[in-house]
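File shown here: final_32.txt, holding compact mmCIF, N, CA and C atoms.
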# COMPACT_ATOMS: atom_id res chain seq x y z
N MET A 41 0.84 -1.18 0.00
CA MET A 41 0.00 0.00 0.00
C MET A 41 0.89 1.24 0.00
N PRO A 42 0.80 2.02 -1.05
CA PRO A 42 1.66 3.21 -1.12
C PRO A 42 1.18 4.36 -0.24
N LEU A 43 2.13 5.16 0.18
CA LEU A 43 1.87 6.36 0.95
C LEU A 43 2.05 7.54 0.01
N TYR A 44 1.01 8.35 -0.16
CA TYR A 44 1.06 9.49 -1.06
C TYR A 44 0.92 10.78 -0.28
N GLU A 45 1.52 11.85 -0.80
CA GLU A 45 1.38 13.17 -0.20
C GLU A 45 0.37 13.95 -1.03
N TYR A 46 -0.58 14.59 -0.36
CA TYR A 46 -1.64 15.36 -1.01
C TYR A 46 -1.67 16.76 -0.42
N GLU A 47 -2.20 17.70 -1.22
CA GLU A 47 -2.47 19.05 -0.73
C GLU A 47 -3.96 19.32 -0.91
N CYS A 48 -4.59 19.79 0.14
CA CYS A 48 -6.02 20.07 0.11
C CYS A 48 -6.28 21.45 -0.48
N SER A 49 -7.17 21.51 -1.45
CA SER A 49 -7.53 22.79 -2.08
C SER A 49 -8.38 23.67 -1.16
N LYS A 50 -9.10 23.05 -0.25
CA LYS A 50 -10.00 23.80 0.63
C LYS A 50 -9.27 24.44 1.82
N CYS A 51 -8.49 23.63 2.56
CA CYS A 51 -7.84 24.17 3.77
C CYS A 51 -6.34 24.40 3.59
N ASP A 52 -5.79 24.06 2.42
CA ASP A 52 -4.40 24.32 2.06
C ASP A 52 -3.40 23.56 2.93
N LYS A 53 -3.81 22.42 3.49
CA LYS A 53 -2.92 21.59 4.30
C LYS A 53 -2.29 20.52 3.42
N SER A 54 -1.06 20.12 3.75
CA SER A 54 -0.40 18.99 3.10
C SER A 54 -0.49 17.80 4.04
N VAL A 55 -0.91 16.66 3.51
CA VAL A 55 -1.07 15.46 4.33
C VAL A 55 -0.52 14.25 3.58
N GLU A 56 -0.08 13.23 4.32
CA GLU A 56 0.31 11.96 3.74
C GLU A 56 -0.80 10.96 4.04
N LEU A 57 -1.22 10.24 3.01
CA LEU A 57 -2.30 9.27 3.17
C LEU A 57 -1.89 7.92 2.61
N LEU A 58 -2.26 6.86 3.31
CA LEU A 58 -2.04 5.50 2.86
C LEU A 58 -3.20 5.13 1.95
N VAL A 59 -2.90 4.78 0.69
CA VAL A 59 -3.95 4.50 -0.29
C VAL A 59 -3.93 3.01 -0.61
N ARG A 60 -5.04 2.34 -0.35
CA ARG A 60 -5.11 0.89 -0.53
C ARG A 60 -5.33 0.48 -1.98
N SER A 61 -6.06 1.28 -2.75
CA SER A 61 -6.28 0.96 -4.17
C SER A 61 -6.44 2.25 -4.96
N SER A 62 -6.25 2.15 -6.27
CA SER A 62 -6.34 3.34 -7.11
C SER A 62 -7.77 3.88 -7.19
N GLU A 63 -8.76 3.05 -6.86
CA GLU A 63 -10.16 3.49 -6.90
C GLU A 63 -10.65 4.08 -5.57
N GLU A 64 -9.80 4.05 -4.56
CA GLU A 64 -10.20 4.56 -3.24
C GLU A 64 -10.34 6.08 -3.28
N GLN A 65 -11.45 6.60 -2.77
CA GLN A 65 -11.67 8.04 -2.66
C GLN A 65 -10.95 8.53 -1.40
N VAL A 66 -10.05 9.49 -1.57
CA VAL A 66 -9.33 10.04 -0.42
C VAL A 66 -9.96 11.37 -0.03
N ALA A 67 -9.90 11.66 1.27
CA ALA A 67 -10.44 12.91 1.79
C ALA A 67 -9.44 13.50 2.77
N CYS A 68 -9.45 14.80 2.89
CA CYS A 68 -8.57 15.51 3.80
C CYS A 68 -8.96 15.18 5.25
N PRO A 69 -8.01 14.72 6.05
CA PRO A 69 -8.34 14.42 7.46
C PRO A 69 -8.61 15.67 8.29
N GLU A 70 -8.18 16.84 7.80
CA GLU A 70 -8.38 18.09 8.53
C GLU A 70 -9.80 18.64 8.34
N CYS A 71 -10.26 18.73 7.07
CA CYS A 71 -11.55 19.38 6.80
C CYS A 71 -12.57 18.46 6.12
N GLY A 72 -12.14 17.26 5.66
CA GLY A 72 -13.06 16.33 5.04
C GLY A 72 -13.26 16.54 3.54
N SER A 73 -12.63 17.54 2.96
CA SER A 73 -12.78 17.83 1.53
C SER A 73 -12.17 16.72 0.68
N LYS A 74 -12.79 16.46 -0.45
CA LYS A 74 -12.26 15.46 -1.39
C LYS A 74 -11.52 16.14 -2.54
N LYS A 75 -11.29 17.45 -2.44
CA LYS A 75 -10.55 18.19 -3.46
C LYS A 75 -9.07 18.20 -3.10
N LEU A 76 -8.41 17.06 -3.34
CA LEU A 76 -7.00 16.90 -3.02
C LEU A 76 -6.19 16.77 -4.30
N THR A 77 -5.00 17.33 -4.27
CA THR A 77 -4.06 17.22 -5.38
C THR A 77 -2.88 16.38 -4.91
N ARG A 78 -2.58 15.31 -5.65
CA ARG A 78 -1.45 14.46 -5.27
C ARG A 78 -0.16 15.18 -5.67
N LEU A 79 0.78 15.25 -4.73
CA LEU A 79 2.04 15.94 -4.94
C LEU A 79 3.13 14.94 -5.31
N MET A 80 4.12 15.43 -6.02
CA MET A 80 5.29 14.61 -6.33
C MET A 80 6.21 14.66 -5.12
N SER A 81 6.61 13.50 -4.62
CA SER A 81 7.51 13.43 -3.48
C SER A 81 8.85 12.87 -3.92
N ALA A 82 9.91 13.45 -3.42
CA ALA A 82 11.25 12.95 -3.71
C ALA A 82 11.66 12.00 -2.60
N PRO A 83 12.13 10.79 -2.95
CA PRO A 83 12.57 9.87 -1.90
C PRO A 83 13.81 10.39 -1.21
N SER A 84 13.96 10.07 0.04
CA SER A 84 15.12 10.49 0.81
C SER A 84 16.18 9.41 0.75
N ALA A 85 17.41 9.79 0.55
CA ALA A 85 18.53 8.85 0.54
C ALA A 85 19.51 9.26 1.63
N PRO A 86 20.05 8.29 2.35
CA PRO A 86 21.01 8.64 3.40
C PRO A 86 22.26 9.27 2.83
N ASN A 87 22.85 10.18 3.57
CA ASN A 87 24.09 10.84 3.18
C ASN A 87 25.25 10.00 3.69
N MET A 88 25.98 9.36 2.79
CA MET A 88 27.07 8.49 3.20
C MET A 88 28.37 9.26 3.40
N LYS A 89 28.42 10.51 2.96
CA LYS A 89 29.60 11.35 3.16
C LYS A 89 29.36 12.25 4.36
N GLY A 90 30.39 12.72 4.95
CA GLY A 90 30.22 13.70 6.02
C GLY A 90 30.05 13.06 7.38
N SER A 91 29.49 13.83 8.30
CA SER A 91 29.46 13.40 9.70
C SER A 91 28.10 12.92 10.15
N GLY A 92 27.57 11.92 9.50
CA GLY A 92 26.42 11.21 10.03
C GLY A 92 25.03 11.63 9.63
N GLY A 93 24.73 12.91 9.49
CA GLY A 93 23.36 13.33 9.22
C GLY A 93 22.89 12.96 7.83
N SER A 94 21.60 12.61 7.70
CA SER A 94 21.07 12.26 6.38
C SER A 94 20.15 13.36 5.85
N LEU A 95 19.93 14.42 6.63
CA LEU A 95 19.06 15.51 6.21
C LEU A 95 19.89 16.65 5.65
N PRO A 96 19.39 17.30 4.61
CA PRO A 96 20.11 18.48 4.13
C PRO A 96 20.04 19.58 5.18
N MET A 97 21.06 20.39 5.27
CA MET A 97 21.09 21.46 6.25
C MET A 97 21.21 22.81 5.54
N ALA A 98 20.62 23.81 6.10
CA ALA A 98 20.69 25.15 5.53
C ALA A 98 20.98 26.14 6.65
N SER A 99 21.65 27.20 6.29
CA SER A 99 21.84 28.30 7.23
C SER A 99 20.53 29.06 7.34
N GLU A 100 20.34 29.77 8.40
CA GLU A 100 19.09 30.50 8.60
C GLU A 100 18.83 31.46 7.44
N GLY A 101 17.63 31.41 6.88
CA GLY A 101 17.25 32.28 5.78
C GLY A 101 17.64 31.75 4.42
N GLN A 102 18.27 30.57 4.35
CA GLN A 102 18.65 29.98 3.08
C GLN A 102 17.87 28.70 2.85
N SER A 103 17.77 28.28 1.59
CA SER A 103 17.07 27.04 1.25
C SER A 103 18.04 25.87 1.24
N CYS A 104 17.60 24.72 1.77
CA CYS A 104 18.44 23.51 1.75
C CYS A 104 18.24 22.75 0.44
N GLY A 105 17.24 23.11 -0.36
CA GLY A 105 16.99 22.44 -1.62
C GLY A 105 16.01 21.29 -1.52
N ALA A 106 15.56 20.95 -0.31
CA ALA A 106 14.60 19.87 -0.14
C ALA A 106 13.24 20.30 -0.66
N PRO A 107 12.42 19.33 -1.15
CA PRO A 107 11.07 19.71 -1.60
C PRO A 107 10.31 20.41 -0.47
N ARG A 108 9.60 21.46 -0.81
CA ARG A 108 8.77 22.22 0.13
C ARG A 108 9.60 22.81 1.28
N CYS A 109 10.86 23.20 0.99
CA CYS A 109 11.74 23.79 2.00
C CYS A 109 11.15 25.12 2.46
N CYS A 110 11.17 25.35 3.76
CA CYS A 110 10.62 26.58 4.32
C CYS A 110 11.65 27.70 4.36
N GLY A 111 12.91 27.38 4.02
CA GLY A 111 13.95 28.41 4.03
C GLY A 111 14.54 28.66 5.40
N GLY A 112 14.25 27.76 6.34
CA GLY A 112 14.81 27.91 7.69
C GLY A 112 15.86 26.86 7.93
N ILE A 113 16.18 26.63 9.19
CA ILE A 113 17.18 25.64 9.53
C ILE A 113 16.49 24.28 9.63
N CYS A 114 16.98 23.32 8.84
CA CYS A 114 16.39 21.98 8.83
C CYS A 114 16.87 21.22 10.08
N GLU A 115 15.94 20.56 10.73
CA GLU A 115 16.30 19.74 11.89
C GLU A 115 15.62 18.43 11.80
Can the structure in the file be given as structure tokens, please?
Amino acid sequence: MPLYEYECSKCDKSVELLVRSSEEQVACPECGSKKLTRLMSAPSAPNMKGSGGSLPMASEGQSCGAPRCCGGICE
């Protein structure tokens, strides 16, 4: 069963949902709306170089390059 990321058109929340079949109707768990857009998600790969961390890091006010980066410090 794949896990998909969706964005709700009504409440503008991003959620991850477990989808059992392609015919399953998904709804936003926040507001119940069925107006969801499936987002493209990039898989995460561990960083084998450097000192242990697998998450990209950014200085304050800069982007780390991760999908949907907020431009803050990644933790």
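Atom CA of Gln65 of chain A is positioned 16.2 Å from atom CA of Lys50 of chain A.
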(Q) If we count only C-alpha atoms and set the cut-off at 6 Å, which residues sit around Glu47 of chain A, ignoring sequence neighbours fewer than 2 positions away in its own chain? Please answer as number ranges by chain. (A) A: 53-54, 76-77
Q: Provide the atom CA of Leu57 of chain A to atom CA of Tyr44 of chain A distance in Å, to one decimal place.
A: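 Interatomic distance, atom CA of Leu57 of chain A to atom CA of Tyr44 of chain A: 5.4 Å.
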Q.
Here is a test: counting all atoms listed in the file, which residue of A:Glu63, A:Leu43, A:Leu58, A:Cys51 is nearest to Lys75 of chain A?
A. A:Cys51
Q: For atom CA of Pro69 of chain A and atom CA of Val55 of chain A, determine how far apart the two atoms are, in Å to one decimal place.
A: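 The value is 8.0 Å.
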Centre and edge lengths, as AutoDock Vina command-line options, for the axis-aligned box enclosing every listed atom of segment 47-66 of chain A with 8 Å of padding on each of the six sides, in Å to one decimal?
--center_x -5.7 --center_y 12.5 --center_z -1.4 --size_x 28.0 --size_y 40.0 --size_z 27.5
